[in-house]
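One structure below.
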Amino acid sequence: QVQLVESGGGLVRLGGSLTLSCEASGFTVSNVGMNWYRQAPGKEREFVAYIRSGGATKYKDSVRGRFTISRDNSKNTMYLEMNNLTPEDTAVYYCNLNIDYTDYWGKGTLVTVSS
């Protein structure tokens with residue numbers, strides 16, 4: 001059974017940093033591509049970053065250079081390191097993957113950036 005559990009969110013000041021974790025079970029993170037999405041209050045969920053099984057990464061333009069997606073195969077966990085945070089980064093962050101045309105989502109972790 002595929003399960004995704006996010007953690008690491010919290011309240012941080014403008015310019016601060018946080019690292020989010022997505023602990024996976026029911027599959028092996030190194031074998032699949034995984035994504036981070038976020039949903040700000042009153043807005044639609046949006047793509048943030050992905051990491052492919054081969055290690056290739058891609059980022060939303062507004063986070064490129066500030067966010068880094070990675071994974072630790074030994075812990076079966078994906079990460080999102082976020083630096084130089086701004087209030088526009090305030091959102092619930094979700095990890096996601098698609099297996100056999102089925103989308104799986106965690107419950108999300110809230111990141112709040114104060115100015």
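Just so we're on the same page: first chain in the structure tokens is A, next is B, and so on; residues restart at 1 for each chain, and ligands are numbered from 1 in the order they show up.
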When you look at stretch 23-34 of chain A with a cut-off of 8 Å (counting only C-alpha atoms), what residues show up, excluding the ones that are within fewer than 5 positions of it in the same chain? I need them as an mmCIF file with all heavy atoms, in the first residue's frame.
data_model
loop_
_atom_site.group_PDB
_atom_site.id
_atom_site.type_symbol
_atom_site.label_atom_id
_atom_site.label_comp_id
_atom_site.auth_asym_id
_atom_site.auth_seq_id
_atom_site.Cartn_x
_atom_site.Cartn_y
_atom_site.Cartn_z
ATOM 1 N N GLN A 1 0.847 -1.195 0.000
ATOM 2 C CA GLN A 1 0.000 0.000 0.000
ATOM 3 C C GLN A 1 0.880 1.242 0.000
ATOM 4 O O GLN A 1 1.734 1.408 0.862
ATOM 5 C CB GLN A 1 -0.895 -0.001 1.232
ATOM 6 C CG GLN A 1 -1.835 1.198 1.314
ATOM 7 C CD GLN A 1 -2.682 1.163 2.572
ATOM 8 O OE1 GLN A 1 -2.548 0.252 3.402
ATOM 9 N NE2 GLN A 1 -3.534 2.140 2.712
ATOM 10 N N VAL A 2 0.661 2.092 -0.981
ATOM 11 C CA VAL A 2 1.461 3.314 -1.109
ATOM 12 C C VAL A 2 1.025 4.319 -0.045
ATOM 13 O O VAL A 2 -0.162 4.617 0.100
ATOM 14 C CB VAL A 2 1.287 3.932 -2.495
ATOM 15 C CG1 VAL A 2 1.972 5.289 -2.573
ATOM 16 C CG2 VAL A 2 1.844 2.995 -3.570
ATOM 17 N N GLN A 3 1.998 4.829 0.697
ATOM 18 C CA GLN A 3 1.737 5.886 1.668
ATOM 19 C C GLN A 3 2.816 6.936 1.584
ATOM 20 O O GLN A 3 3.994 6.616 1.406
ATOM 21 C CB GLN A 3 1.654 5.323 3.084
ATOM 22 C CG GLN A 3 0.391 4.524 3.359
ATOM 23 C CD GLN A 3 0.216 4.207 4.834
ATOM 24 O OE1 GLN A 3 1.183 3.948 5.527
ATOM 25 N NE2 GLN A 3 -1.019 4.231 5.296
ATOM 26 N N LEU A 4 2.411 8.186 1.731
ATOM 27 C CA LEU A 4 3.323 9.317 1.712
ATOM 28 C C LEU A 4 3.025 10.173 2.941
ATOM 29 O O LEU A 4 1.871 10.550 3.166
ATOM 30 C CB LEU A 4 3.115 10.151 0.449
ATOM 31 C CG LEU A 4 3.297 9.431 -0.889
ATOM 32 C CD1 LEU A 4 2.805 10.307 -2.032
ATOM 33 C CD2 LEU A 4 4.747 9.065 -1.088
ATOM 34 N N VAL A 5 4.059 10.473 3.705
ATOM 35 C CA VAL A 5 3.872 11.275 4.911
ATOM 36 C C VAL A 5 4.851 12.441 4.888
ATOM 37 O O VAL A 5 6.064 12.234 4.991
ATOM 38 C CB VAL A 5 4.069 10.439 6.181
ATOM 39 C CG1 VAL A 5 3.877 11.327 7.412
ATOM 40 C CG2 VAL A 5 3.098 9.264 6.211
ATOM 41 N N GLU A 6 4.305 13.648 4.771
ATOM 42 C CA GLU A 6 5.139 14.850 4.771
ATOM 43 C C GLU A 6 5.370 15.342 6.192
ATOM 44 O O GLU A 6 4.516 15.159 7.064
ATOM 45 C CB GLU A 6 4.477 15.977 3.968
ATOM 46 C CG GLU A 6 4.180 15.653 2.524
ATOM 47 C CD GLU A 6 2.753 15.168 2.311
ATOM 48 O OE1 GLU A 6 2.141 14.664 3.284
ATOM 49 O OE2 GLU A 6 2.241 15.298 1.180
ATOM 50 N N TYR A 50 10.193 18.309 -9.332
ATOM 51 C CA TYR A 50 10.177 16.854 -9.436
ATOM 52 C C TYR A 50 11.588 16.308 -9.474
ATOM 53 O O TYR A 50 12.540 17.011 -9.809
ATOM 54 C CB TYR A 50 9.341 16.363 -10.606
ATOM 55 C CG TYR A 50 9.898 16.510 -12.014
ATOM 56 C CD1 TYR A 50 11.169 16.065 -12.375
ATOM 57 C CD2 TYR A 50 9.108 17.080 -13.010
ATOM 58 C CE1 TYR A 50 11.637 16.180 -13.665
ATOM 59 C CE2 TYR A 50 9.569 17.204 -14.305
ATOM 60 C CZ TYR A 50 10.839 16.748 -14.626
ATOM 61 O OH TYR A 50 11.298 16.866 -15.923
ATOM 62 N N ILE A 51 11.669 15.035 -9.130
ATOM 63 C CA ILE A 51 12.902 14.287 -9.268
ATOM 64 C C ILE A 51 12.543 12.974 -9.939
ATOM 65 O O ILE A 51 11.647 12.257 -9.488
ATOM 66 C CB ILE A 51 13.626 14.085 -7.923
ATOM 67 C CG1 ILE A 51 14.944 13.366 -8.128
ATOM 68 C CG2 ILE A 51 12.750 13.352 -6.901
ATOM 69 C CD1 ILE A 51 15.876 13.438 -6.912
ATOM 70 N N ARG A 52 13.238 12.676 -11.035
ATOM 71 C CA ARG A 52 12.952 11.457 -11.770
ATOM 72 C C ARG A 52 13.749 10.289 -11.201
ATOM 73 O O ARG A 52 14.694 10.485 -10.424
ATOM 74 C CB ARG A 52 13.263 11.677 -13.244
ATOM 75 C CG ARG A 52 12.281 12.618 -13.924
ATOM 76 C CD ARG A 52 10.911 11.989 -13.986
ATOM 77 N NE ARG A 52 9.897 12.852 -14.586
ATOM 78 C CZ ARG A 52 8.923 13.401 -13.889
ATOM 79 N NH1 ARG A 52 8.840 13.210 -12.576
ATOM 80 N NH2 ARG A 52 8.030 14.147 -14.483
ATOM 81 N N SER A 53 13.393 9.100 -11.604
ATOM 82 C CA SER A 53 14.078 7.923 -11.068
ATOM 83 C C SER A 53 15.566 7.968 -11.379
ATOM 84 O O SER A 53 16.398 7.524 -10.579
ATOM 85 C CB SER A 53 13.450 6.643 -11.627
ATOM 86 O OG SER A 53 13.478 6.653 -13.045
ATOM 87 N N GLY A 54 15.910 8.547 -12.511
ATOM 88 C CA GLY A 54 17.320 8.650 -12.877
ATOM 89 C C GLY A 54 18.041 9.800 -12.209
ATOM 90 O O GLY A 54 19.258 9.944 -12.367
ATOM 91 N N ARG A 71 16.566 12.991 -2.641
ATOM 92 C CA ARG A 71 16.022 11.808 -1.981
ATOM 93 C C ARG A 71 17.159 11.044 -1.317
ATOM 94 O O ARG A 71 18.321 11.150 -1.725
ATOM 95 C CB ARG A 71 15.285 10.909 -2.977
ATOM 96 C CG ARG A 71 16.172 10.306 -4.036
ATOM 97 C CD ARG A 71 15.396 9.494 -5.047
ATOM 98 N NE ARG A 71 16.301 8.974 -6.062
ATOM 99 C CZ ARG A 71 16.038 8.998 -7.360
ATOM 100 N NH1 ARG A 71 14.896 9.493 -7.818
ATOM 101 N NH2 ARG A 71 16.908 8.519 -8.215
ATOM 102 N N ASN A 73 17.779 7.250 -0.634
ATOM 103 C CA ASN A 73 17.256 5.908 -0.924
ATOM 104 C C ASN A 73 17.313 5.005 0.301
ATOM 105 O O ASN A 73 16.442 4.146 0.483
ATOM 106 C CB ASN A 73 18.026 5.288 -2.081
ATOM 107 C CG ASN A 73 17.872 6.074 -3.368
ATOM 108 O OD1 ASN A 73 16.903 6.814 -3.547
ATOM 109 N ND2 ASN A 73 18.833 5.933 -4.269
ATOM 110 N N LYS A 75 16.714 5.783 3.280
ATOM 111 C CA LYS A 75 15.597 6.115 4.165
ATOM 112 C C LYS A 75 14.268 6.085 3.424
ATOM 113 O O LYS A 75 13.224 6.341 4.035
ATOM 114 C CB LYS A 75 15.812 7.492 4.797
ATOM 115 C CG LYS A 75 17.023 7.564 5.692
ATOM 116 C CD LYS A 75 17.173 8.952 6.318
ATOM 117 C CE LYS A 75 18.390 8.983 7.240
ATOM 118 N NZ LYS A 75 18.559 10.321 7.856
ATOM 119 N N ASN A 76 14.322 5.811 2.119
ATOM 120 C CA ASN A 76 13.122 5.821 1.287
ATOM 121 C C ASN A 76 12.333 7.120 1.470
ATOM 122 O O ASN A 76 11.107 7.123 1.651
ATOM 123 C CB ASN A 76 12.222 4.617 1.581
ATOM 124 C CG ASN A 76 11.503 4.124 0.327
ATOM 125 O OD1 ASN A 76 12.074 4.072 -0.761
ATOM 126 N ND2 ASN A 76 10.247 3.736 0.479
ATOM 127 N N THR A 77 13.046 8.211 1.432
ATOM 128 C CA THR A 77 12.481 9.526 1.737
ATOM 129 C C THR A 77 12.918 10.555 0.700
ATOM 130 O O THR A 77 14.063 10.540 0.258
ATOM 131 C CB THR A 77 12.916 9.987 3.141
ATOM 132 O OG1 THR A 77 12.435 9.049 4.107
ATOM 133 C CG2 THR A 77 12.375 11.368 3.474
ATOM 134 N N MET A 78 11.990 11.431 0.350
ATOM 135 C CA MET A 78 12.282 12.551 -0.546
ATOM 136 C C MET A 78 12.298 13.829 0.288
ATOM 137 O O MET A 78 11.583 13.921 1.298
ATOM 138 C CB MET A 78 11.211 12.648 -1.634
ATOM 139 C CG MET A 78 11.392 13.802 -2.602
ATOM 140 S SD MET A 78 10.144 13.840 -3.909
ATOM 141 C CE MET A 78 8.657 14.240 -2.992
ATOM 142 N N CYS A 95 3.666 15.944 -1.195
ATOM 143 C CA CYS A 95 4.434 15.094 -2.102
ATOM 144 C C CYS A 95 3.462 14.215 -2.875
ATOM 145 O O CYS A 95 2.345 13.927 -2.419
ATOM 146 C CB CYS A 95 5.499 14.288 -1.383
ATOM 147 S SG CYS A 95 4.933 13.205 -0.091
ATOM 148 N N ASN A 96 3.921 13.811 -4.041
ATOM 149 C CA ASN A 96 3.024 13.157 -5.002
ATOM 150 C C ASN A 96 3.812 12.229 -5.911
ATOM 151 O O ASN A 96 4.976 12.473 -6.215
ATOM 152 C CB ASN A 96 2.335 14.236 -5.838
ATOM 153 C CG ASN A 96 1.827 13.737 -7.180
ATOM 154 O OD1 ASN A 96 2.528 13.820 -8.186
ATOM 155 N ND2 ASN A 96 0.612 13.225 -7.192
ATOM 156 N N LEU A 97 3.163 11.163 -6.312
ATOM 157 C CA LEU A 97 3.710 10.346 -7.390
ATOM 158 C C LEU A 97 2.555 9.682 -8.127
ATOM 159 O O LEU A 97 1.426 9.638 -7.610
ATOM 160 C CB LEU A 97 4.694 9.298 -6.880
ATOM 161 C CG LEU A 97 4.114 8.030 -6.271
ATOM 162 C CD1 LEU A 97 5.134 6.904 -6.390
ATOM 163 C CD2 LEU A 97 3.732 8.260 -4.834
ATOM 164 N N ASN A 98 2.865 9.209 -9.299
ATOM 165 C CA ASN A 98 1.876 8.507 -10.109
ATOM 166 C C ASN A 98 2.415 7.120 -10.418
ATOM 167 O O ASN A 98 3.520 6.987 -10.955
ATOM 168 C CB ASN A 98 1.590 9.281 -11.392
ATOM 169 C CG ASN A 98 0.497 8.645 -12.220
ATOM 170 O OD1 ASN A 98 0.706 7.603 -12.837
ATOM 171 N ND2 ASN A 98 -0.671 9.250 -12.223
#
For this session: Excluding A:Leu14 and residues on its chain fewer than 3 positions from it, collect all residues at most 6 Å away from it, counting only C-alpha atoms, and give them as number ranges by chain.
Result: A: 85-86, 113-115
Write a file of the just-selected residues containing C-alpha atoms, as a short mmCIF file (atom, residue, chain, number, x, y, z; two decimals), in the first residue's frame.
data_model
loop_
_atom_site.label_atom_id
_atom_site.label_comp_id
_atom_site.auth_asym_id
_atom_site.auth_seq_id
_atom_site.Cartn_x
_atom_site.Cartn_y
_atom_site.Cartn_z
CA LEU A 85 11.76 31.92 1.74
CA THR A 86 9.25 34.66 1.04
CA VAL A 113 6.53 32.57 5.94
CA SER A 114 6.10 35.81 7.86
CA SER A 115 7.31 39.16 6.71
#
For this session: Go through A:Ser62, A:Thr68, A:Ser74, A:Gln39 one by one, measure the shortest atom-to-atom distance of each to A:Thr90 using only C-alpha atoms, and give the residue with the smallest value.
Result: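 Nearest candidate to A:Thr90 out of A:Ser62, A:Thr68, A:Ser74, A:Gln39: A:Gln39.
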Seminar exercise, completed: A:Tyr93 proximity check over A:Cys22, A:Thr112, A:Trp36, A:Gly8, using only C-alpha atoms: winner is A:Trp36
For this session: Could you give me the residues within chain A that DSSP places in strand (DSSP E or B), as a VMD selection string?
Result: chain A and resid 3 to 7 10 to 13 18 to 25 34 to 39 46 to 51 57 to 59 64 67 to 72 77 to 82 91 to 99 102 to 105 109 to 114
Problem set entry | Counting only C-alpha atoms, the residue of A:Leu80, A:Gly16, A:Val48, A:Asn35 that sits nearest A:Asp61 |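 The closest residue to A:Asp61 is A:Val48.
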For this session: Could you check which of A:Lys107, A:Lys43, A:Arg13, A:Arg66 is closest to A:Ala91, using only C-alpha atoms?
Result: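 That would be A:Lys43, the residue with the smallest distance to A:Ala91.
A straight line drawn from atom CA of A:Glu81 to atom CA of A:Trp105 is 19.1 Å long.
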Exercise. So what do you get for atom CA of A:Glu44 versus atom CA of A:Val92, distance-wise?
Worked result: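 Atom CA of A:Glu44 sits 11.0 Å away from atom CA of A:Val92.
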